[in-house]
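S.K.: First the structure, which I've put down as structure tokens, then a few questions once you've had a look.
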Amino acid sequence: MTKPSTKKGGQSGNKGPAQQKPAGGNKGNTNPSKGKNKQAATATKDLCIRCPNLPLSIQNKHNNEIDKCSATYTTAPNGTHPVSNLWWGFSDGVVGHNITLADMKIYTFDSCKKIQNEAKAVGAEEKFENLEIPGMEDVFRRAKGVVVWDTGVPLLGGDGKKTETKVISKEALEAAMKAVRQEKDFKVQQSALRKDGVGLNGGHAQFMKALLGEPAVGNAPGAQGGTQAGGVSGGSGGAQDGGLADSGQASGSGQASESVQAGMAGGGGGSGSSANTTQGTTNLASRPTGKGPADPATTSVGTPVTTTSTPPVCPRCPVGCPFKNLHVDLLVCLDDVSPLDKEKKLPEVLWPNITTENSVASLVEGFDPCGLLLGAEKKVDHDVIAVMMQSLQAGETAYDGVPFTKALAEATLVEYYKKQRPRLEPPEREPRKSHLQPVTIHKEVRSVQPPPAPRTFASGVDHDGRTGFPIDFDSLPDNKKLASHDQYALRESLGDAEPNHSICVNHFEVTLPDDLVLYEYEVSSTSPAWAKATRNKRKVFVRDAIDNMPELKDRANAIASDYYGKIVSGENLLGHEQSKDVLVWNFKPGTYDKPEHITVTVKYNCEYRMDNLKDFVFGRDMTYAERGAAQALNMVVSKAVAAGSEKTFMAGNNKFFYRPGWQQLSDDGLGLIAVRGYYCSVRPGMRAVTLNINSLTSVFYRPQTVHQYLVGLGCTGNGYDEERAKAHLIRLRVFVNFDREPSVKDADRDQPERRNKTIYGFAGLAKDLFFVNEDNKRVSVLSHLRLKYPRAPKGTDDSIAVNVGARAPNEKFYLAEQLDVLSDQIYGKKLDSSQTASMIELARRSPVQNRTAILEEGLQSLRLDKASPTPAIFDALKITVGSNMLSVPARHARHPKVTYRGNKAVLDDALKTAKWNTRSMKFVDTAKQFSPNNTTGTIAFLQIDDGKKNLDKWRGVYRKNFLKMSFNNGVQALTLSSANEESTKLQDDDETWGVKSLTATLKTLKADLLVLMLPKKNSHWASRHAAFKVVTDQILGIKSAVLCEESMRGSFPNNMEAEAAKDTGMAAYFGNYAMKLNLRLGNANHRLDYDRDLPLIGTPNAQKLDTIILGADVTHPGGGSTSGTPSVAALVGSMDHNFAVYSGQMRRQLPKQEYIDYLDDMAYELFLEWAERNGNRMPSRILWYRDGVDEGQYSKVRDEEVTQLRRGWEKARKQLGWNQHTAPQITAVIVAKRHHTRFYPKVKELENGNCQPGTIVESSITSPYFMDFYLQSHNPLIGTGKPAHYFVIENGIGFTAEQLQNLTNNICYLYGRSTNAVSYATPAYYADRLCERGRHYLREMFDGEDTFGDDDEQRGNQRAKDCWERCGEIYGNPWHPNLNRTMFWM
């Protein structure tokens, strides 16, 4: 900055360094030299490296205090020196103009401060050889296209190689100096103006009085007019650094500070100049024009020249306010320029561009703008305010044609302020364990804690979400409504105005403060180490970033993270900055003593306002879209649950497991355990935000040595099987279980984090694995480890070498006995049948047991019970969670009337429990037969040749019972094929079960129905089952059945021979099979009452049928599937007026794609078939149940899949030449089964403790606006029943809520192969069954048995194509055309 002249009417200026007095400075800079030339550095240590040249640096004795140098030598164009003439020690990278912050795009003052401090610390000749500044790439990346870097630190590129070394530019240095100076000036001004309301004192008082038109004191000497940038002086003298000369007896001139970039000059008797600004102004009409000489920087009195940069202006600050260009955000302006100083009438000069008369003074006391904005209602429309704020921020003077007044502008700002600024006191920090703490290794199995015993609880907290619902949508303001194309089916009615009872649901009410705002930040890095990091390493990076960034570390209690890429906070962590960089260490194997750091960026992403969420759940704003608020709250809940808990750990999203609650899964020696846990997730509902808590059980690895696992797998010694070992243990995290000798090179090798390893492979017997050691001797791994680690387990000759390093040549081996499996690792592999059976048994709980577990062990382990201290983050954010389940209104849907042939109805008492039997009943339709020409069909049996003669006798019993009982109920009986009077025996080997061999065998049987008897259900026999279906379905096109001998023997629980002699023991088993066979022929088993049970769609007259019911589902490959395994999509459709006979279509599509690609093609085929069966008419109504869609995909299903249905319908109409052009009415319903809501009756309704079938909940835990409901339609056989959730995305048919709820419940009774109501809508269930058949055709790929090497995906795609087209069809269904128009998959 230049020093102002004190000459009368003079112009401020600088006569050069020779005229300056030596500036005093700090000579105590003792930072040690880091440069290579230390002797030279010492000689020039105290010399300023910014001066124009070395002689001036010696003469001025700045002592390298570059702040003083910047005051002596100001930069051009308004100062005395261009940047190119400064910084005598630097000569590169000068562009040739005065640098500005806008040019450099420097936003982080911390980096600039670091640069300034380094410049002060180094000697003149050292320059910046060891400069290490976080974010250097960002700070020095751009300067008018010139890339500039620091001198001595070669930066690493993306490939890890050194980039070209360049020197830092003078302009970059100068910009950093300017940034630090500007921030300092800003803080001084901000502090001064806040003192006593506005903080008017000294020069600032004169300045504000001048703005308000009050006379200034004219005798104050110029030196005391204000010592800070933006100050005001009056009288004899000049304003320093941007002052205003006014009304004095002597003239003067002033120059506006370049750090403020907006000043005011002129008046009095002199002229002023505004340096480096385009926004300076002289709009004080009452002041006389000065007569002094004009400053060269202006073309006329008070008119500044436009320079190269145009900084933005705050539209609220008074004219000439020193803050005007330092803050642009109006919220900051409200903090910096307080409108509370009534004495000096400051409010009246706010909003200088708004001239419409209206006093702001009325707002000074109390700030009550509600009357201004919305009149007598006293309700503030925050959406309108947000739009008005955008207009004000842009400097506009009107909103929607209505002129702003100063008071309206101020009121808008204040009301917006209330919503944008959370008022949270800084919480106390909650100490958390460092992730570098020693890891607890459970060498002994933990003590098992049994689940809580059932207890009687209170009836729950009553919550009637129906109050005020359904909403009168016409009464909502337009800006609170969704556009029609964005809406789902609206909830225009409730199923029952007065529900007949209430039940408890496993939801707990969450109370959120109105002013809570959760700020979301994205954590990322451009480093390759970040991109390659595993989830566990990414977790370390994020935790280190939190620990190393003060803004995060100091607010530990008020922040939460998913430790992968997001952080949420109850406070704005970065202030006005959008992002901030932080360094974290990246430790690599083998380089622990030379770690590298990577730069992690914490970037503001968005914010979630809880008052907006509450407006949504209370029916005030349907435009709210869930785009992350619930996820942010879930992170907060996870922090509350997991922080400081020793007994609870998190494994998977929103899943927490209770360490003492484990049990051995099975006795197979594999070491797997089942661990109890609890799921919890925040859910917005109707008049409530709730926390859904449910019990769960998952399989984990037991903490034991790798050797113990290998023994259990039979993979030690001569029984070593590498593939089997890898299939179970690859990528498992382990811990080196002995103390290694510390070495000079690596003293920290036994730190806990250094002992955590990952299994990458196995190398067989350690005694047989050799390598050349450091002494150039060939030794075995076993011998080497025994010699190198004498304290370690020695192993045996059967010990297996385990690779915990990486691929060759970086393998690192330990013995299996030397590695412990770390606890809390979930088992992600597929369980076999015996393990699955054990898992079901361990996880099974009655409703009473389940409710007890949630309310006692669950809440306690989640730290949400009343006895546990409130989690620190809940205290900080003022969040509370109730400790009782919600009690919500419910109703019982009337059960349907189920009838068989001759209108013979099932008794009501049976239907009340949703279970009945078919004794003495004939199926509704048995017209279609196995033999196409109505002759007696033939059957052939196949069995496994296992050499067990004692079982052959019983296989004869099975055949006899099948022939006798499977054809009751009216199904055509079959005779044994002449080629198969006895069962055909098949060897259990891969050659026999190969496709070609099995096809040749089955062709010889010449039967209409092939029946395969398998010994039991497990993964091995499942593969034989799939191979059988591939041949019968895809190649031969023959109807088939598979029987399980183990299940058939289970039909004789007592004396098998005695019960078998009665010929009644297997009636239930084969009665069920009779239903399957009749369906596979294309017949109907039972039906419902057309008028009573099928509202709007039912008709007893098949000629009047106008509705088709569709079901759709998609099945996906799992984690262990072969690369290239496709997803399989299926669509089924009803074909008769009983809605009992269906046909299906199937397509393969991209892996794990939920959206159905070829839905229009499949729908086209089904519409054509429906028309052929129903008089060449097209259905005018379509009721569609879509299974397996996540909430985030609802809009995609509505916009794309429903459109595909219409397109398929139109294509079929044109194909048929049908002249009815009216588009079909479509009601589309999403069916969700994968959720965690459960019902608990308050009084006993069923013997098993579940709610009565037909229980419906449509409030409290449902959408406030859209048509959805929970329905428990079935009577669970075991455990706690799971209701299905139905969400209506389109309701073209026009069902009322009650009609659709009742119809959906009734359709669950139409599942053709069961005498029970099923748990979700039959069409969706059928689609799921058809998808399972598609998995049979691709079983080797889905189960991961097919592997193809490096080009897995490409060869996998070809393999999937080959399997799909076995039937000869290149496009379309993967089965033989003989099976079209049948339900063969049932």
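The chains in the structure tokens are called A, B, ... from first to last as shown; in each chain the residues are counted from 1, and the ligands are counted from 1 in the order shown.
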Give me, as number ranges by chain, all polymer residues having an atom no more than 12 Å from Lys480 of chain A, counting only C-alpha atoms and skipping those fewer than 3 positions away in the same chain.
M.R.: A: 381-384, 473-477, 483, 612, 615-616, 619-625, 1265
S.K.: Which neighbours of Asn737 of chain A fall inside 10 Å, counting only C-alpha atoms, when residues of the same chain fewer than 2 positions from it are skipped, and could you give them as JSON, numbers by chain?
M.R.: {"A": [441, 443, 705, 734, 735, 739, 740, 755, 756, 792, 793, 817, 818, 819, 820, 821]}
S.K.: Write out as a PyMOL selection string the set of residues from segment 853-1078 of chain A that DSSP, computed on the backbone, places in strand (DSSP E).
M.R.: chain A and resi 880-881+886-892+898-900+904-905+937-944+974-976+984-986+1009-1014+1039-1044
S.K.: Where in segment 598-647 of chain A does DSSP assign helix (DSSP H, G or I), given as a PyMOL selection string?
M.R.: chain A and resi 610-617+629-642
S.K.: With distances taken over only C-alpha atoms, which of A:Asn1174, A:Asn605, A:Ser1314, A:Thr534 is nearest to Thr1107 of chain A?
M.R.: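 Between A:Asn1174, A:Asn605, A:Ser1314, A:Thr534, the residue approaching Thr1107 of chain A most closely is A:Asn1174.
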S.K.: Which is closer to Ser569 of chain A than all the others in A:Gln487, A:Thr697, A:Asp775, A:Ala876, using only C-alpha atoms?
M.R.: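 Distance minimum relative to Ser569 of chain A lands on A:Ala876.
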S.K.: Excluding Ile1307 of chain A and any residue of its chain fewer than 4 positions from it, enumerate the residues within 7 Å of it, using only C-alpha atoms, and give them as a PDB file with N, CA and C atoms, in the first residue's frame.
M.R.:
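Listing of out19.pdb after writing:
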```pdb
ATOM      1  N   LEU A1303     -58.894 -56.476  -2.995  1.00  0.00           N
ATOM      2  CA  LEU A1303     -58.601 -57.271  -4.179  1.00  0.00           C
ATOM      3  C   LEU A1303     -57.222 -57.917  -4.067  1.00  0.00           C
ATOM      4  N   ALA A1321     -48.813 -60.903  -3.622  1.00  0.00           N
ATOM      5  CA  ALA A1321     -49.746 -61.095  -4.732  1.00  0.00           C
ATOM      6  C   ALA A1321     -49.303 -62.228  -5.656  1.00  0.00           C
ATOM      7  N   THR A1322     -50.242 -63.107  -5.973  1.00  0.00           N
ATOM      8  CA  THR A1322     -49.956 -64.306  -6.760  1.00  0.00           C
ATOM      9  C   THR A1322     -49.239 -64.018  -8.078  1.00  0.00           C
TER      10      THR A1322
END
```
